[in-house]
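Note sheet for the following structure.
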Amino acid sequence: MDHQPKFFENLSGTGKAIGVLTSGGDAQGMNAAVRAVVRMGIYVKAKVYFVYEGYQGMVDGGDNIVEVSWESVSSILQVGGTVIGSARCKSFRTREGRLQAAYNLVQRGITNLCVIGGDGSLTGANLFREEWSGLLEELAQKGKIDEEAVKKYAYLNIVGMVGSIDNDFCGTDMTIGTDSALHRIIEVVDAIMTTAQSHQRTFVLEVMGRHCGYLALVSALACGADWVFIPEYPPEEGWEDSMCVKLSENRARKKRLNIIIVAEGAIDCHNKPITSEKVKDLVVQRLGFDTRVTILGHVQRGGTPSAFDRILASRMGVEAVLALLEATPATPACVVSLSGNQAVRLPLMECVQMTQEVQKAMDEGRFVEAVRLRGRSFENNLNTYKLLSHKKPDAELPKTNFNVAVLNVGAPAAGMNAAVRAAVRVGITEGHKMFAVIDGFEGFARGKIKEISWGDVGGWTGQGGSILGTKRTLPAKYLEKIADQMRTNNINALMVIGGFEAYLGLLELSAAREKYDEFCVPMVMVPATVSNNVPGSDFSIGADTALNTITDTCDRIKQSASGTKRRVFIIETMGGYCGYLANMGALAAGADAAYIFEEQFDIRELQANVEHLTEKMKTSIQRGLVLRNENCNENYTTDFIYQLYSEEGKGVFDCRKNVLGHMQQGGAPSPFDRNFGTKISAKAMQWISKKLKETYRKGKVFANTDDSVCLLGMRRRNLVFQPVAELKTETDFVHRIPKEQWWLKLRPLMKILAKYKTSYDVSDSGQLEHVAMHSPKEAETGAI
């Protein structure tokens, strides 16, 4: 069955009117979603209306429902909260309120609604849709509208996007705002850690999440907290004793601080609340530790949206307009959501019902069920946290007599240390002896290798760069020496955390197996590079942090350009030949163009971009932003493009250039990179244990098949182990990039949002899926 590809530009919105509103609690990234809906709607020639103040504005009508233009949503991408306002609305809960809302919409011919909010807002929208025809009949009877209008506007289409910092909605991996809220929490925890360290204090942090422990759980995972309280997983009877034992053990191990994270909805197994004050009093009474409580409160909702949230919201907004264009009276109201890194559509009520099921399970004390209903991402987080936070006493640990070495290879990437920490701790839990190799393959050859313990990696998650030290050197010229070191230290398995060099290194080591038996051991690679150019994985550790650095810098530059007026900035990003950072940075910062190696461009295109900017300067948005990947073209250098723009833009705009350079490799890792690094590394370590058991014969480990040298990568929706030998065909070795890259599909998105006419293949979207209940088995292979 051969499907014709489906193109966005063939879908027309002519004659349609779309209303966009934000409702319920605000979340960072809502503005990015609003911007995408407005621009995409206008792009397909539909009329787009803002509904101010959520449902309240819909009921009040008048100036609250306004048609908007392309420029209306300029400069809101980097603003937190929602610029169109959100209000809790009592009147919309009544039929009279909804009747009035229907009247206000019909007056403007709006029969398509895009609702950005939490589950309450979406349920309200669905009810409104079900009542719609009845409401119109009633309006006709009262003589407020004529029969013509009843026929013309007979159906209301609804598409939802979930904006909620709690990530409490089933059916989507991440809701808009969650990642930004984690950024706020992690910034605070990092800051508190330095003061706690100075005074040997214990800090109890209360984070948001009345019914969902996602923020508490992931921030505990991301900062290596000593204890976490969440509503879905209440502590066992007698938790007071075990917590105090754990805290005092940590102090005895020379750890100068303790961090305890409490979700505001935390409960014990009898459904009694556990408050931050209660936890503090307990620690003070039992242990006499100097303890402080910090309640983060609304800080978590504020601030600028993270790069992840901007890209997520922009993708959702575009998908929402698509869904509205394709909606028929027969399609149920849907939500656009994220699964792995794919945008999917799900029936709104299925998601809402499942979300309510979780609450019901918790109320009835079925906590295991509640965790399972939350989805595989949540379950994976919880399992990883349990694995890494509590060290079993030595007597209880299995003894395998295997030695596993961990090393960093390539350029530093934020999140490498979180990955090393997870590998070491999981390895110790599995009963292996863990060794750390200093300074990559070069250090390995020189014998810079030492045993590393559970306590040695404490506090590593939040550290940027590479604590072990990393080098770009490949192993080929040191094979003899590395084999010696493997033999001397009796190393039975290797875990390599790094970028493209790590991949090349593993290929070299596996090729050397014929000559050296020492390399006939299980080897696994975890991708960590800011460039995100490793074949076999959609994401690599460090890329998210670099993207946030680029986005933050672009925000500042845009601000400076807006102040001066008529100014265009040319910004050069890293990435080698891989355009990931330039392309995604452009999407997250709202740039006008991004030049990348993967999409060849010529002087005509540069000319067209200059003309496009000249046109833009005639509107109210008098600034421009252009990103250029460092290796996108050897002749059209950053200087060349800068000079071209300066010459061609004479009298219309002036130009500045900015090379971001190595700041993209530094900085504290973002929550995504800490979390991704931790989980992917823990999984890689479990794979090593499995392979060691499989390949242990007659007192020694011998592994020489292709499937014993793997790369663990995130592919679409799953984590997969792929033999490096099989990835060879997918790699462009000259330019050090994968031959096919998923993010190139998002390239037209950036162009459309910057007002370029372009072709956009949307064959992937459109199928309404169902909310899948996953089996417990699936959680192991599951998503991030």
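Note on naming: chains are A, B, ... as they come in the structure tokens, residues start from 1 per chain, ligands start from 1 in the order shown.
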Which of region 549-760 of chain A counts as strand (DSSP E or B) under DSSP, as an MDAnalysis selection string please?
chainID A and resid 567:573 593:595 623:629 654:659 696:697 700:701 709:715 718:723 731:732 737:738
Can you tell me which residues surround Leu136 (chain A) at a distance of at most 8 Å, considering only C-alpha atoms, apart from same-chain residues fewer than 5 positions away, and format the answer as JSON, numbers by chain?
{"A": [99, 102, 103, 145, 150, 154]}
Based on the selection just made, write all heavy atoms of those residues as a compact mmCIF listing (two decimals), in the first residue's frame.
# COMPACT_ATOMS: atom_id res chain seq x y z
N LEU A 99 -23.21 28.86 26.80
CA LEU A 99 -24.13 29.39 25.77
C LEU A 99 -23.60 30.74 25.27
O LEU A 99 -23.54 31.01 24.08
CB LEU A 99 -25.53 29.55 26.38
CG LEU A 99 -26.68 29.81 25.40
CD1 LEU A 99 -26.90 28.60 24.49
CD2 LEU A 99 -27.97 30.12 26.14
N ALA A 102 -20.48 30.23 23.19
CA ALA A 102 -20.80 29.75 21.84
C ALA A 102 -21.27 30.93 20.98
O ALA A 102 -20.86 31.06 19.81
CB ALA A 102 -21.88 28.68 21.90
N TYR A 103 -22.10 31.80 21.57
CA TYR A 103 -22.61 32.96 20.83
C TYR A 103 -21.43 33.85 20.38
O TYR A 103 -21.36 34.27 19.22
CB TYR A 103 -23.57 33.75 21.73
CG TYR A 103 -24.05 35.04 21.10
CD1 TYR A 103 -24.92 35.03 20.01
CD2 TYR A 103 -23.63 36.27 21.60
CE1 TYR A 103 -25.35 36.21 19.42
CE2 TYR A 103 -24.05 37.46 21.03
CZ TYR A 103 -24.92 37.42 19.94
OH TYR A 103 -25.34 38.60 19.35
N ILE A 145 -29.25 33.91 16.93
CA ILE A 145 -28.59 33.65 15.64
C ILE A 145 -29.64 33.06 14.70
O ILE A 145 -30.67 32.54 15.14
CB ILE A 145 -27.40 32.66 15.78
CG1 ILE A 145 -27.85 31.31 16.38
CG2 ILE A 145 -26.28 33.24 16.61
CD1 ILE A 145 -26.77 30.24 16.37
N VAL A 150 -26.67 28.25 12.22
CA VAL A 150 -26.69 26.92 12.84
C VAL A 150 -26.11 25.89 11.87
O VAL A 150 -25.32 25.03 12.24
CB VAL A 150 -28.13 26.52 13.25
CG1 VAL A 150 -28.14 25.11 13.82
CG2 VAL A 150 -28.68 27.51 14.27
N ALA A 154 -22.09 24.29 12.18
CA ALA A 154 -22.66 23.13 12.89
C ALA A 154 -21.69 22.37 13.79
O ALA A 154 -22.09 21.76 14.76
CB ALA A 154 -23.26 22.18 11.86
Residue with smallest distance to Phe435 (chain A) - pool A:Arg93, A:Pro475, A:Gln485, A:Asp654, counting only C-alpha atoms:
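Nearest to Phe435 (chain A): A:Gln485.
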Hey, which of A:Val771, A:Val284, A:Val724, A:Ile192 ends up closest to Ile259 (chain A)? Count only C-alpha atoms.
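Of A:Val771, A:Val284, A:Val724, A:Ile192, the one nearest Ile259 (chain A) is A:Ile192, counting only C-alpha atoms.
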Please identify every residue of region 513-575 of chain A that has at least one atom no farther than 12 Å from an atom of region 458-470 of chain A, counting only C-alpha atoms, and for each give the shortest atom pair and the distance in Å to one decimal, arranged by chain then increasing number, as JSON lines.
{"residue": "A:Ala528", "atom": "CA", "partner": "A:Ser466", "partner_atom": "CA", "distance": 10.7}
{"residue": "A:Thr529", "atom": "CA", "partner": "A:Gly465", "partner_atom": "CA", "distance": 10.7}
{"residue": "A:Val530", "atom": "CA", "partner": "A:Gly465", "partner_atom": "CA", "distance": 11.0}
{"residue": "A:Ile541", "atom": "CA", "partner": "A:Gly465", "partner_atom": "CA", "distance": 11.4}
{"residue": "A:Gly542", "atom": "CA", "partner": "A:Gly465", "partner_atom": "CA", "distance": 9.3}
{"residue": "A:Thr545", "atom": "CA", "partner": "A:Gly464", "partner_atom": "CA", "distance": 9.7}
{"residue": "A:Ala546", "atom": "CA", "partner": "A:Gly464", "partner_atom": "CA", "distance": 11.3}
Excluding Leu296 (chain A) and its own-chain neighbours fewer than 2 positions away, which residues fall within 12 Å of it when counting only C-alpha atoms? Please give them as a PDB file with C-alpha atoms, in the first residue's frame.
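Written output follows (part.pdb):
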ATOM      1  CA  ALA A 181      10.303  24.128  35.863  1.00  0.00           C
ATOM      2  CA  LEU A 182      13.090  21.558  36.289  1.00  0.00           C
ATOM      3  CA  ARG A 184      14.330  26.533  37.944  1.00  0.00           C
ATOM      4  CA  ILE A 185      14.494  23.773  40.572  1.00  0.00           C
ATOM      5  CA  ILE A 186      17.990  22.658  39.541  1.00  0.00           C
ATOM      6  CA  GLU A 187      19.278  26.265  39.542  1.00  0.00           C
ATOM      7  CA  VAL A 188      18.042  26.607  43.122  1.00  0.00           C
ATOM      8  CA  VAL A 189      19.408  23.233  44.256  1.00  0.00           C
ATOM      9  CA  ILE A 192      21.744  25.767  47.873  1.00  0.00           C
ATOM     10  CA  VAL A 204      14.534  20.170  52.876  1.00  0.00           C
ATOM     11  CA  LEU A 205      13.230  21.483  49.546  1.00  0.00           C
ATOM     12  CA  GLU A 206       9.554  21.562  48.759  1.00  0.00           C
ATOM     13  CA  VAL A 207       8.692  21.505  45.070  1.00  0.00           C
ATOM     14  CA  MET A 208       5.349  21.776  43.273  1.00  0.00           C
ATOM     15  CA  GLY A 209       3.221  18.771  42.385  1.00  0.00           C
ATOM     16  CA  LEU A 215       9.203  17.319  39.391  1.00  0.00           C
ATOM     17  CA  ALA A 216      10.330  16.029  42.779  1.00  0.00           C
ATOM     18  CA  ILE A 261      13.152  16.788  48.267  1.00  0.00           C
ATOM     19  CA  VAL A 262       9.456  16.806  49.129  1.00  0.00           C
ATOM     20  CA  ALA A 263       6.619  17.107  46.601  1.00  0.00           C
ATOM     21  CA  GLU A 264       3.856  19.314  48.026  1.00  0.00           C
ATOM     22  CA  SER A 276       8.511  19.711  54.598  1.00  0.00           C
ATOM     23  CA  VAL A 293      13.427  24.375  54.722  1.00  0.00           C
ATOM     24  CA  THR A 294      13.166  26.078  51.345  1.00  0.00           C
ATOM     25  CA  HIS A 298       5.886  29.984  42.158  1.00  0.00           C
ATOM     26  CA  VAL A 299       9.514  30.447  41.172  1.00  0.00           C
ATOM     27  CA  GLN A 300       9.043  27.116  39.397  1.00  0.00           C
ATOM     28  CA  ARG A 301       6.389  28.586  37.113  1.00  0.00           C
ATOM     29  CA  GLY A 302       8.400  31.650  36.222  1.00  0.00           C
TER      30      GLY A 302
END
Residues within 8 Å of region 430-433 of chain A, only C-alpha atoms, excluding chain neighbours under 6 positions, as a ChimeraX atom specification
/A:397-404,451,686,689
